[in-house]
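Text of the file final-v8.txt, holding compact mmCIF, C-alpha atoms:
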```txt
# COMPACT_ATOMS: atom_id res chain seq x y z
CA MET A 1 8.84 12.90 -28.97
CA LEU A 2 6.78 10.09 -27.45
CA THR A 3 9.90 8.68 -25.84
CA GLY A 4 10.62 12.06 -24.27
CA VAL A 5 7.10 12.29 -22.83
CA ARG A 6 7.45 8.77 -21.48
CA GLU A 7 10.76 9.57 -19.78
CA GLN A 8 9.48 12.81 -18.25
CA LEU A 9 6.32 11.19 -16.91
CA GLY A 10 8.22 8.19 -15.59
CA GLN A 11 10.79 10.36 -13.85
CA ALA A 12 8.10 12.56 -12.30
CA LEU A 13 6.22 9.55 -10.94
CA PHE A 14 9.41 7.95 -9.64
CA ARG A 15 10.44 11.16 -7.84
CA ARG A 16 7.06 11.33 -6.12
CA VAL A 17 7.23 7.74 -4.96
CA ALA A 18 10.94 7.33 -4.23
CA GLY A 19 12.10 10.86 -3.40
CA PRO A 20 15.17 12.77 -4.65
CA GLY A 21 17.52 9.95 -3.67
CA GLY A 22 15.44 7.37 -5.49
CA PRO A 23 17.86 6.45 -8.29
CA ALA A 24 20.72 5.77 -5.87
CA THR A 25 18.44 3.81 -3.54
CA ARG A 26 17.09 1.75 -6.44
CA ALA A 27 20.60 0.91 -7.62
CA ARG A 28 21.62 -0.17 -4.13
CA ILE A 29 18.52 -2.31 -3.66
CA HIS A 30 18.74 -4.14 -6.96
CA HIS A 31 22.47 -4.32 -7.62
CA THR A 32 24.04 -5.01 -4.23
CA PRO A 33 25.16 -8.66 -4.27
CA GLY A 34 24.00 -11.04 -1.58
CA PRO A 35 21.16 -13.39 -0.61
CA ARG A 36 17.59 -12.08 -0.63
CA TRP A 37 14.54 -12.91 1.46
CA PHE A 38 12.65 -13.57 -1.78
CA GLY A 39 13.94 -15.12 -4.98
CA PRO A 40 13.19 -13.77 -8.47
CA ASP A 41 10.27 -16.16 -8.96
CA ARG A 42 8.38 -15.26 -5.77
CA PRO A 43 4.88 -13.74 -6.11
CA ILE A 44 5.71 -10.85 -3.77
CA ARG A 45 8.08 -9.53 -6.42
CA THR A 46 5.38 -9.71 -9.07
CA VAL A 47 2.77 -7.92 -6.98
CA HIS A 48 4.99 -5.24 -5.46
CA GLY A 49 6.60 -4.43 -8.79
CA ASP A 50 3.32 -3.72 -10.57
CA ALA A 51 1.65 -0.35 -11.19
CA SER A 52 -1.47 -1.62 -9.41
CA MET A 53 0.35 -0.77 -6.18
CA PHE A 54 -0.53 2.90 -6.77
CA ILE A 55 -4.18 1.97 -6.31
CA GLY A 56 -3.66 -0.74 -3.69
CA GLY A 57 -1.68 1.63 -1.49
CA LEU A 58 -4.59 4.08 -1.30
CA THR A 59 -7.01 1.26 -0.57
CA ALA A 60 -4.75 0.07 2.25
CA LEU A 61 -4.60 3.49 3.87
CA LEU A 62 -8.39 3.79 3.83
CA LEU A 63 -8.92 0.31 5.22
CA GLN A 64 -6.22 0.61 7.90
CA SER A 65 -7.78 3.84 9.17
CA LEU A 66 -10.83 1.92 10.42
CA HIS A 67 -8.97 0.57 13.44
CA PRO A 68 -9.23 3.38 16.04
CA LEU A 69 -5.87 2.57 17.61
CA ALA A 70 -4.05 2.41 14.28
CA MET A 71 -5.68 5.67 13.19
CA ALA A 72 -4.78 7.36 16.47
CA ALA A 73 -1.15 6.36 16.01
CA VAL A 74 -1.10 7.68 12.44
CA ALA A 75 -2.88 10.92 13.33
CA GLY A 76 -0.67 11.57 16.32
CA HIS A 77 2.74 10.55 15.04
CA SER A 78 3.05 9.98 11.28
CA GLY A 79 2.84 13.54 9.98
CA PHE A 80 0.88 12.30 6.97
CA ARG A 81 -0.79 15.68 6.50
CA GLY A 82 2.30 17.81 6.87
CA ASP A 83 4.58 15.52 4.88
CA PRO A 84 2.44 13.04 2.90
CA TRP A 85 5.03 12.54 0.18
CA GLY A 86 7.77 11.88 2.69
CA ARG A 87 5.62 9.21 4.31
CA LEU A 88 4.87 7.66 0.91
CA GLN A 89 8.55 7.64 0.01
CA ARG A 90 9.56 5.99 3.28
CA THR A 91 6.87 3.34 2.88
CA SER A 92 7.74 2.61 -0.75
CA THR A 93 11.43 2.35 0.11
CA PHE A 94 10.68 -0.11 2.92
CA LEU A 95 8.59 -2.26 0.58
CA ALA A 96 11.30 -2.17 -2.07
CA VAL A 97 14.12 -3.06 0.32
CA THR A 98 12.29 -5.95 1.98
CA THR A 99 10.99 -7.29 -1.34
CA TYR A 100 14.07 -6.93 -3.56
CA GLY A 101 17.02 -5.96 -1.37
CA THR A 102 19.65 -8.10 0.27
CA ALA A 103 18.69 -10.00 3.40
CA ALA A 104 21.03 -7.78 5.42
CA ASP A 105 19.45 -4.58 4.09
CA ALA A 106 15.95 -5.98 4.59
CA GLN A 107 16.70 -6.82 8.21
CA GLU A 108 18.22 -3.38 8.77
CA ALA A 109 15.07 -1.75 7.37
CA VAL A 110 12.89 -3.89 9.65
CA ASP A 111 15.01 -3.09 12.69
CA HIS A 112 14.72 0.62 11.91
CA VAL A 113 10.91 0.45 11.67
CA ARG A 114 10.68 -1.61 14.85
CA GLY A 115 12.71 1.04 16.64
CA ILE A 116 10.24 3.69 15.51
CA HIS A 117 7.27 1.55 16.55
CA ARG A 118 8.67 1.13 20.06
CA ARG A 119 8.58 4.90 20.54
CA ILE A 120 5.06 5.46 19.19
CA ARG A 121 2.53 5.21 22.00
CA GLY A 122 -0.26 7.33 23.36
CA THR A 123 -3.94 7.45 24.24
CA THR A 124 -6.99 7.90 22.02
CA ALA A 125 -9.56 10.64 22.59
CA GLU A 126 -11.61 8.04 24.49
CA GLY A 127 -8.69 7.30 26.81
CA VAL A 128 -7.69 3.96 25.27
CA PRO A 129 -3.91 3.41 25.23
CA TYR A 130 -2.14 2.33 22.05
CA HIS A 131 1.37 1.24 21.16
CA ALA A 132 2.54 0.86 17.57
CA ALA A 133 4.63 -2.17 18.53
CA ASP A 134 1.56 -4.07 19.77
CA PRO A 135 1.57 -7.38 17.82
CA HIS A 136 -2.22 -7.36 17.54
CA LEU A 137 -2.22 -3.88 16.01
CA LEU A 138 0.64 -4.83 13.68
CA GLY A 139 -1.44 -7.80 12.62
CA TRP A 140 -4.30 -5.53 11.56
CA VAL A 141 -2.07 -3.17 9.61
CA HIS A 142 -0.46 -6.12 7.84
CA ALA A 143 -3.73 -7.89 7.00
CA ALA A 144 -5.34 -4.71 5.65
CA GLU A 145 -2.28 -3.90 3.56
CA THR A 146 -1.87 -7.41 2.15
CA ASP A 147 -5.54 -7.71 1.24
CA SER A 148 -5.51 -4.31 -0.48
CA PHE A 149 -2.37 -5.01 -2.52
CA LEU A 150 -3.75 -8.41 -3.51
CA ARG A 151 -7.14 -7.03 -4.59
CA ALA A 152 -5.48 -4.27 -6.61
CA HIS A 153 -3.17 -6.68 -8.41
CA GLU A 154 -5.97 -9.13 -9.09
CA ARG A 155 -8.03 -6.40 -10.80
CA TYR A 156 -5.39 -4.12 -12.31
CA GLY A 157 -2.16 -6.12 -12.46
CA ALA A 158 -0.45 -6.68 -15.78
CA ARG A 159 -0.28 -10.43 -15.15
CA PRO A 160 -2.76 -11.49 -12.44
CA LEU A 161 -1.74 -14.61 -10.52
CA ASP A 162 -3.76 -17.76 -10.13
CA ALA A 163 -5.24 -18.85 -6.79
CA ALA A 164 -2.06 -20.68 -5.77
CA GLY A 165 0.01 -17.63 -6.68
CA TYR A 166 -2.02 -15.32 -4.48
CA ASP A 167 -1.86 -17.81 -1.62
CA ALA A 168 1.93 -17.78 -2.05
CA TYR A 169 1.88 -13.97 -2.05
CA VAL A 170 0.14 -13.95 1.32
CA ALA A 171 2.74 -16.40 2.61
CA ASP A 172 5.56 -14.18 1.33
CA THR A 173 4.19 -11.11 3.08
CA ALA A 174 3.91 -13.09 6.32
CA ARG A 175 7.72 -13.30 6.34
CA VAL A 176 7.97 -9.51 6.56
CA ALA A 177 5.08 -9.21 9.04
CA GLU A 178 6.71 -11.65 11.45
CA ALA A 179 10.00 -9.77 11.20
CA LEU A 180 8.13 -6.58 12.18
CA GLY A 181 6.60 -8.25 15.23
CA ALA A 182 3.22 -9.57 14.09
CA VAL A 183 2.27 -12.94 15.57
CA ASP A 184 1.06 -15.80 13.36
CA PRO A 185 0.17 -13.72 10.29
CA PRO A 186 -2.09 -15.40 7.69
CA ARG A 187 -0.37 -17.75 5.23
CA ASP A 188 -2.97 -17.98 2.46
CA ARG A 189 -5.95 -16.05 1.15
CA SER A 190 -8.48 -18.00 3.19
CA GLU A 191 -6.64 -17.26 6.42
CA LEU A 192 -6.34 -13.62 5.37
CA ALA A 193 -10.11 -13.32 4.93
CA GLU A 194 -10.68 -14.99 8.30
CA ARG A 195 -8.26 -12.61 9.98
CA LEU A 196 -9.95 -9.53 8.55
CA THR A 197 -13.31 -10.84 9.73
CA ALA A 198 -11.92 -11.43 13.21
CA TYR A 199 -10.85 -7.78 13.45
CA ARG A 200 -14.21 -6.36 12.39
CA PRO A 201 -15.70 -6.00 15.91
CA GLU A 202 -12.80 -3.65 16.74
CA LEU A 203 -13.28 -1.40 13.72
CA ARG A 204 -15.18 1.85 13.39
CA ALA A 205 -14.94 5.05 11.43
CA THR A 206 -13.72 7.62 13.93
CA PRO A 207 -13.78 11.32 13.06
CA GLU A 208 -10.02 10.97 12.43
CA ALA A 209 -10.63 8.14 9.96
CA ARG A 210 -13.24 10.09 8.02
CA SER A 211 -11.01 13.16 8.03
CA ALA A 212 -8.15 11.07 6.66
CA ALA A 213 -10.44 9.70 3.93
CA ARG A 214 -11.45 13.24 2.92
CA PHE A 215 -7.79 14.25 2.81
CA LEU A 216 -6.77 11.25 0.70
CA LEU A 217 -9.72 11.37 -1.67
CA LEU A 218 -10.65 15.04 -1.95
CA GLN A 219 -7.73 17.17 -0.76
CA PRO A 220 -4.52 15.60 -2.11
CA PRO A 221 -1.44 17.82 -1.93
CA LEU A 222 -1.09 17.93 -5.70
CA PRO A 223 -1.04 20.61 -8.40
CA LEU A 224 -4.44 21.16 -10.03
CA PRO A 225 -3.42 19.79 -13.46
CA VAL A 226 -2.68 16.32 -12.09
CA ARG A 227 -5.64 16.05 -9.73
CA PRO A 228 -7.92 14.39 -12.31
CA PHE A 229 -5.27 11.68 -12.78
CA TYR A 230 -5.08 11.18 -9.03
CA GLY A 231 -8.86 11.28 -8.79
CA GLY A 232 -9.06 8.28 -11.09
CA LEU A 233 -6.64 6.36 -8.92
CA ALA A 234 -8.53 7.33 -5.77
CA ALA A 235 -11.91 6.31 -7.20
CA SER A 236 -10.42 2.97 -8.24
CA ALA A 237 -9.02 2.49 -4.75
CA VAL A 238 -12.45 3.04 -3.18
CA THR A 239 -14.02 0.35 -5.38
CA LEU A 240 -11.57 -2.21 -3.98
CA LEU A 241 -12.67 -1.69 -0.37
CA PRO A 242 -14.84 -4.42 1.16
CA PRO A 243 -18.51 -3.29 1.17
CA TRP A 244 -18.60 -3.09 4.97
CA ALA A 245 -15.55 -0.80 4.97
CA ARG A 246 -17.12 1.50 2.39
CA GLY A 247 -20.23 1.68 4.54
CA MET A 248 -18.25 2.70 7.60
CA LEU A 249 -16.49 5.46 5.67
CA ARG A 250 -19.75 6.58 4.02
CA LEU A 251 -18.47 5.86 0.53
CA PRO A 252 -21.56 4.42 -1.18
CA ARG A 253 -21.34 2.17 -4.21
CA VAL A 254 -22.70 3.36 -7.56
CA PRO A 255 -22.70 0.12 -9.60
CA VAL A 256 -23.30 1.47 -13.11
CA VAL A 257 -20.79 4.29 -12.79
CA GLU A 258 -18.17 2.04 -11.23
CA ASP A 259 -18.56 -0.73 -13.79
CA LEU A 260 -18.70 1.52 -16.84
CA ALA A 261 -16.34 4.32 -15.83
CA VAL A 262 -14.24 3.75 -12.71
CA ARG A 263 -12.88 0.29 -13.47
CA PRO A 264 -11.92 1.11 -17.09
CA THR A 265 -10.31 4.35 -15.86
CA GLY A 266 -8.25 2.40 -13.33
CA GLN A 267 -7.11 0.03 -16.04
CA VAL A 268 -6.09 2.89 -18.32
CA LEU A 269 -4.23 4.69 -15.52
CA THR A 270 -2.29 1.63 -14.39
CA ARG A 271 -1.35 0.86 -17.99
CA THR A 272 -0.16 4.45 -18.39
CA ILE A 273 1.92 4.28 -15.20
CA ARG A 274 3.36 0.94 -16.28
CA TRP A 275 4.25 2.34 -19.70
CA ALA A 276 5.83 5.48 -18.25
CA MET A 277 7.93 3.67 -15.64
CA THR A 278 9.19 0.91 -17.94
CA PRO A 279 12.38 2.04 -19.72
CA ALA A 280 11.96 2.28 -23.45
CA ARG A 281 13.83 -0.33 -25.45
CA GLU A 282 16.65 0.89 -27.62
CA THR A 283 16.13 0.38 -31.33
```

Re-express the file's structure as structure tokens.
Amino acid sequence: MLTGVREQLGQALFRRVAGPGGPATRARIHHTPGPRWFGPDRPIRTVHGDASMFIGGLTALLLQSLHPLAMAAVAGHSGFRGDPWGRLQRTSTFLAVTTYGTAADAQEAVDHVRGIHRRIRGTTAEGVPYHAADPHLLGWVHAAETDSFLRAHERYGARPLDAAGYDAYVADTARVAEALGAVDPPRDRSELAERLTAYRPELRATPEARSAARFLLLQPPLPLPVRPFYGGLAASAVTLLPPWARGMLRLPRVPVVEDLAVRPTGQVLTRTIRWAMTPARET
């Protein structure tokens, strides 16, 4: 009976993240022969294959929204409200292909995204032009994403890396960022922190950013029975934000509650996801 529950939960989670074609896509990514951008021992494989990504992904979306140009591009072109699961599935597939797929498939995925970025341009409500292919804007999206995934894995990963391992993770992600068009992405954790600091004068919580935060945290497109589960993930994601980012989004810290309830809940949820999505061993 427990095995059946595990399989059902694992399949439901996988369908949400990977979409209806997930099994075929997974088989192609992992079983197509050929050279890869990253070998089996690379830290990027460890981080991106862990259940902590469920939390880190939410943190990344919240943090990325603080750049007005990035948020304007998302609000105007991504369809995240009308098709949030489709966006999640496209993002997760891109991460899987570039992390685990053949070099040829990884490059094809990058070329596809770059083609989309070239078409996404517009003007903010204040009249400031933006272009998704702008290397500076790509640099922000990459830095925010990398920092969020790293923080989530460090706190909730099954096997957290040491300092050298996380530096190597940042270096691995730089390979993908450069392929997408970012210029001189950070290569270790110290450079990553410096890069985030350098972007801070450009950041602010626009009405679109706060609206996106409310949507992600309070109005997820999910059935009522699973909202408490999602709520635990969302609360855990908020705790990973840098204090200055939480202040901008008006998400105050409640130390006792977070230390005694939110962090343990995040650990339980990631362990549950990990258990559900790991195939049971035959006996």

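The shortest atom-to-atom distance to A:Ile116, with all atoms listed in the file taken into account, belongs to A:Ala132 out of A:Pro255, A:Leu218, A:Ala132, A:Thr102.
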
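For the atom pair formed by atom CA of A:Leu95 and atom CA of A:Met53, the distance is 10.8 Å, given to one decimal.
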
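For A:Arg114, the residues within 12 Å (counting only C-alpha atoms, excluding itself and residues fewer than 2 positions away along the chain) are Gln107, Glu108, Ala109, Val110, Asp111, His112, Ile116, His117, Arg118, Arg119, Ile120, His131, Ala132, Ala133, Asp134, Pro135, Leu138, Val176, Ala177, Glu178, Ala179, Leu180, Gly181 and Ala182 of chain A.
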
Given the selection you just returned, output its residues as a file containing C-alpha atoms, formatted as a tab-separated table (two decimals), in the frame of the given file.
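Below you can see out_21.tsv, which holds the result:
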```tsv
chain	number	residue	atom	x	y	z
A	107	GLN	CA	16.70	-6.82	8.21
A	108	GLU	CA	18.22	-3.38	8.77
A	109	ALA	CA	15.07	-1.75	7.37
A	110	VAL	CA	12.89	-3.89	9.65
A	111	ASP	CA	15.01	-3.09	12.69
A	112	HIS	CA	14.72	0.62	11.91
A	116	ILE	CA	10.24	3.69	15.51
A	117	HIS	CA	7.27	1.55	16.55
A	118	ARG	CA	8.67	1.13	20.06
A	119	ARG	CA	8.58	4.90	20.54
A	120	ILE	CA	5.06	5.46	19.19
A	131	HIS	CA	1.37	1.24	21.16
A	132	ALA	CA	2.54	0.86	17.57
A	133	ALA	CA	4.63	-2.17	18.53
A	134	ASP	CA	1.56	-4.07	19.77
A	135	PRO	CA	1.57	-7.38	17.82
A	138	LEU	CA	0.64	-4.83	13.68
A	176	VAL	CA	7.97	-9.51	6.56
A	177	ALA	CA	5.08	-9.21	9.04
A	178	GLU	CA	6.71	-11.65	11.45
A	179	ALA	CA	10.00	-9.77	11.20
A	180	LEU	CA	8.13	-6.58	12.18
A	181	GLY	CA	6.60	-8.25	15.23
A	182	ALA	CA	3.22	-9.57	14.09
```

Using only C-alpha atoms, find each residue of stretch 204-279 of chain A with at least one atom at most 12 Å away from an atom of stretch 141-156 of chain A; report its shortest atom-to-atom pair and that distance in Å (one decimal), sort the rows by chain and rising residue number, and return the result as JSON lines.
```
{"residue": "A:Leu233", "atom": "CA", "partner": "A:Ala152", "partner_atom": "CA", "distance": 10.9}
{"residue": "A:Ser236", "atom": "CA", "partner": "A:Ala152", "partner_atom": "CA", "distance": 8.9}
{"residue": "A:Ala237", "atom": "CA", "partner": "A:Ala152", "partner_atom": "CA", "distance": 7.9}
{"residue": "A:Val238", "atom": "CA", "partner": "A:Ser148", "partner_atom": "CA", "distance": 10.5}
{"residue": "A:Thr239", "atom": "CA", "partner": "A:Ala152", "partner_atom": "CA", "distance": 9.8}
{"residue": "A:Leu240", "atom": "CA", "partner": "A:Arg151", "partner_atom": "CA", "distance": 6.6}
{"residue": "A:Leu241", "atom": "CA", "partner": "A:Ser148", "partner_atom": "CA", "distance": 7.6}
{"residue": "A:Pro242", "atom": "CA", "partner": "A:Ser148", "partner_atom": "CA", "distance": 9.5}
{"residue": "A:Ala245", "atom": "CA", "partner": "A:Ala144", "partner_atom": "CA", "distance": 11.0}
{"residue": "A:Val262", "atom": "CA", "partner": "A:Tyr156", "partner_atom": "CA", "distance": 11.8}
{"residue": "A:Arg263", "atom": "CA", "partner": "A:Arg155", "partner_atom": "CA", "distance": 8.7}
{"residue": "A:Pro264", "atom": "CA", "partner": "A:Tyr156", "partner_atom": "CA", "distance": 9.6}
{"residue": "A:Thr265", "atom": "CA", "partner": "A:Tyr156", "partner_atom": "CA", "distance": 10.4}
{"residue": "A:Gly266", "atom": "CA", "partner": "A:Tyr156", "partner_atom": "CA", "distance": 7.2}
{"residue": "A:Gln267", "atom": "CA", "partner": "A:Tyr156", "partner_atom": "CA", "distance": 5.8}
{"residue": "A:Val268", "atom": "CA", "partner": "A:Tyr156", "partner_atom": "CA", "distance": 9.3}
{"residue": "A:Leu269", "atom": "CA", "partner": "A:Tyr156", "partner_atom": "CA", "distance": 9.4}
{"residue": "A:Thr270", "atom": "CA", "partner": "A:Tyr156", "partner_atom": "CA", "distance": 6.9}
{"residue": "A:Arg271", "atom": "CA", "partner": "A:Tyr156", "partner_atom": "CA", "distance": 8.6}
{"residue": "A:Thr272", "atom": "CA", "partner": "A:Tyr156", "partner_atom": "CA", "distance": 11.7}
{"residue": "A:Ile273", "atom": "CA", "partner": "A:Tyr156", "partner_atom": "CA", "distance": 11.5}
{"residue": "A:Arg274", "atom": "CA", "partner": "A:Tyr156", "partner_atom": "CA", "distance": 10.9}
```

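Remark: for A:Phe54, the closest of the candidate residues A:Thr25, A:Thr98, A:Gln219, A:Ser92 is A:Ser92 (distances computed over all atoms listed in the file).
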
Students should find that atom CA of A:Ala234 and atom CA of A:Thr59 are spaced 8.1 Å

Go through A:His31, A:Pro185, A:Arg204, A:Phe215 one by one, measure the shortest atom-to-atom distance of each to A:Val97 using only C-alpha atoms, and give the residue with the smallest value. A:His31

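Atom pair atom CA of A:Glu202 / atom CA of A:Thr173: separated by 23.0 Å.
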
For the interface of stretch 147-223 of chain A with stretch 69-74 of chain A (cut-off 9 Å, counting all atoms listed in the file), please tabulate each contacting residue of stretch 147-223 of chain A alongside its nearest pair of atoms and their separation in Å to one decimal, rows sorted by chain and increasing number, as a tab-separated table.
```
residue	atom	partner	partner_atom	distance
A:Thr206	CA	A:Met71	CA	8.3
A:Glu208	CA	A:Met71	CA	6.9
A:Ala209	CA	A:Met71	CA	6.4
A:Ala212	CA	A:Met71	CA	8.8
```

Give me, as a PDB file with C-alpha atoms, keeping the file's coordinate frame, all polymer residues having an atom no more than 7 Å from stretch 43-49 of chain A, counting all atoms listed in the file and skipping those fewer than 2 positions away in the same chain.
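Below is the file that was written, part_5.pdb:
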```pdb
ATOM      1  CA  PRO A  40      13.190 -13.770  -8.470  1.00  0.00           C
ATOM      2  CA  ASP A  41      10.270 -16.160  -8.960  1.00  0.00           C
ATOM      3  CA  ALA A  51       1.650  -0.350 -11.190  1.00  0.00           C
ATOM      4  CA  MET A  53       0.350  -0.770  -6.180  1.00  0.00           C
ATOM      5  CA  THR A  99      10.990  -7.290  -1.340  1.00  0.00           C
ATOM      6  CA  HIS A 153      -3.170  -6.680  -8.410  1.00  0.00           C
ATOM      7  CA  GLY A 165       0.010 -17.630  -6.680  1.00  0.00           C
ATOM      8  CA  ALA A 168       1.930 -17.780  -2.050  1.00  0.00           C
ATOM      9  CA  TYR A 169       1.880 -13.970  -2.050  1.00  0.00           C
ATOM     10  CA  ASP A 172       5.560 -14.180   1.330  1.00  0.00           C
TER      11      ASP A 172
END
```

Place N, CA and C atoms on stretch 213-226 of chain A and deliver the coordinates as a JSON list (two decimals), in the coordinates of the input.
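Writing the result to out_2.json gives the following:
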```json
[["chain", "number", "residue", "atom", "x", "y", "z"],
["A", 213, "ALA", "N", -9.86, 10.08, 5.22],
["A", 213, "ALA", "CA", -10.44, 9.70, 3.93],
["A", 213, "ALA", "C", -10.69, 10.93, 3.08],
["A", 214, "ARG", "N", -11.21, 12.00, 3.68],
["A", 214, "ARG", "CA", -11.45, 13.24, 2.92],
["A", 214, "ARG", "C", -10.13, 13.79, 2.39],
["A", 215, "PHE", "N", -9.10, 13.75, 3.23],
["A", 215, "PHE", "CA", -7.79, 14.25, 2.81],
["A", 215, "PHE", "C", -7.25, 13.44, 1.64],
["A", 216, "LEU", "N", -7.31, 12.11, 1.75],
["A", 216, "LEU", "CA", -6.77, 11.25, 0.70],
["A", 216, "LEU", "C", -7.55, 11.34, -0.59],
["A", 217, "LEU", "N", -8.88, 11.44, -0.48],
["A", 217, "LEU", "CA", -9.72, 11.37, -1.67],
["A", 217, "LEU", "C", -10.04, 12.73, -2.29],
["A", 218, "LEU", "N", -10.16, 13.75, -1.45],
["A", 218, "LEU", "CA", -10.65, 15.04, -1.95],
["A", 218, "LEU", "C", -9.66, 16.18, -1.84],
["A", 219, "GLN", "N", -8.65, 16.05, -0.98],
["A", 219, "GLN", "CA", -7.73, 17.17, -0.76],
["A", 219, "GLN", "C", -6.27, 16.75, -0.91],
["A", 220, "PRO", "N", -5.92, 16.05, -1.96],
["A", 220, "PRO", "CA", -4.52, 15.60, -2.11],
["A", 220, "PRO", "C", -3.59, 16.79, -2.33],
["A", 221, "PRO", "N", -2.40, 16.73, -1.76],
["A", 221, "PRO", "CA", -1.44, 17.82, -1.93],
["A", 221, "PRO", "C", -0.77, 17.75, -3.29],
["A", 222, "LEU", "N", -1.56, 18.05, -4.33],
["A", 222, "LEU", "CA", -1.09, 17.93, -5.70],
["A", 222, "LEU", "C", -1.45, 19.18, -6.49],
["A", 223, "PRO", "N", -0.67, 19.50, -7.52],
["A", 223, "PRO", "CA", -1.04, 20.61, -8.40],
["A", 223, "PRO", "C", -2.36, 20.31, -9.10],
["A", 224, "LEU", "N", -3.12, 21.33, -9.41],
["A", 224, "LEU", "CA", -4.44, 21.16, -10.03],
["A", 224, "LEU", "C", -4.39, 20.35, -11.32],
["A", 225, "PRO", "N", -3.39, 20.54, -12.20],
["A", 225, "PRO", "CA", -3.42, 19.79, -13.46],
["A", 225, "PRO", "C", -3.38, 18.28, -13.31],
["A", 226, "VAL", "N", -2.80, 17.77, -12.23],
["A", 226, "VAL", "CA", -2.68, 16.32, -12.09],
["A", 226, "VAL", "C", -3.75, 15.73, -11.17]]
```
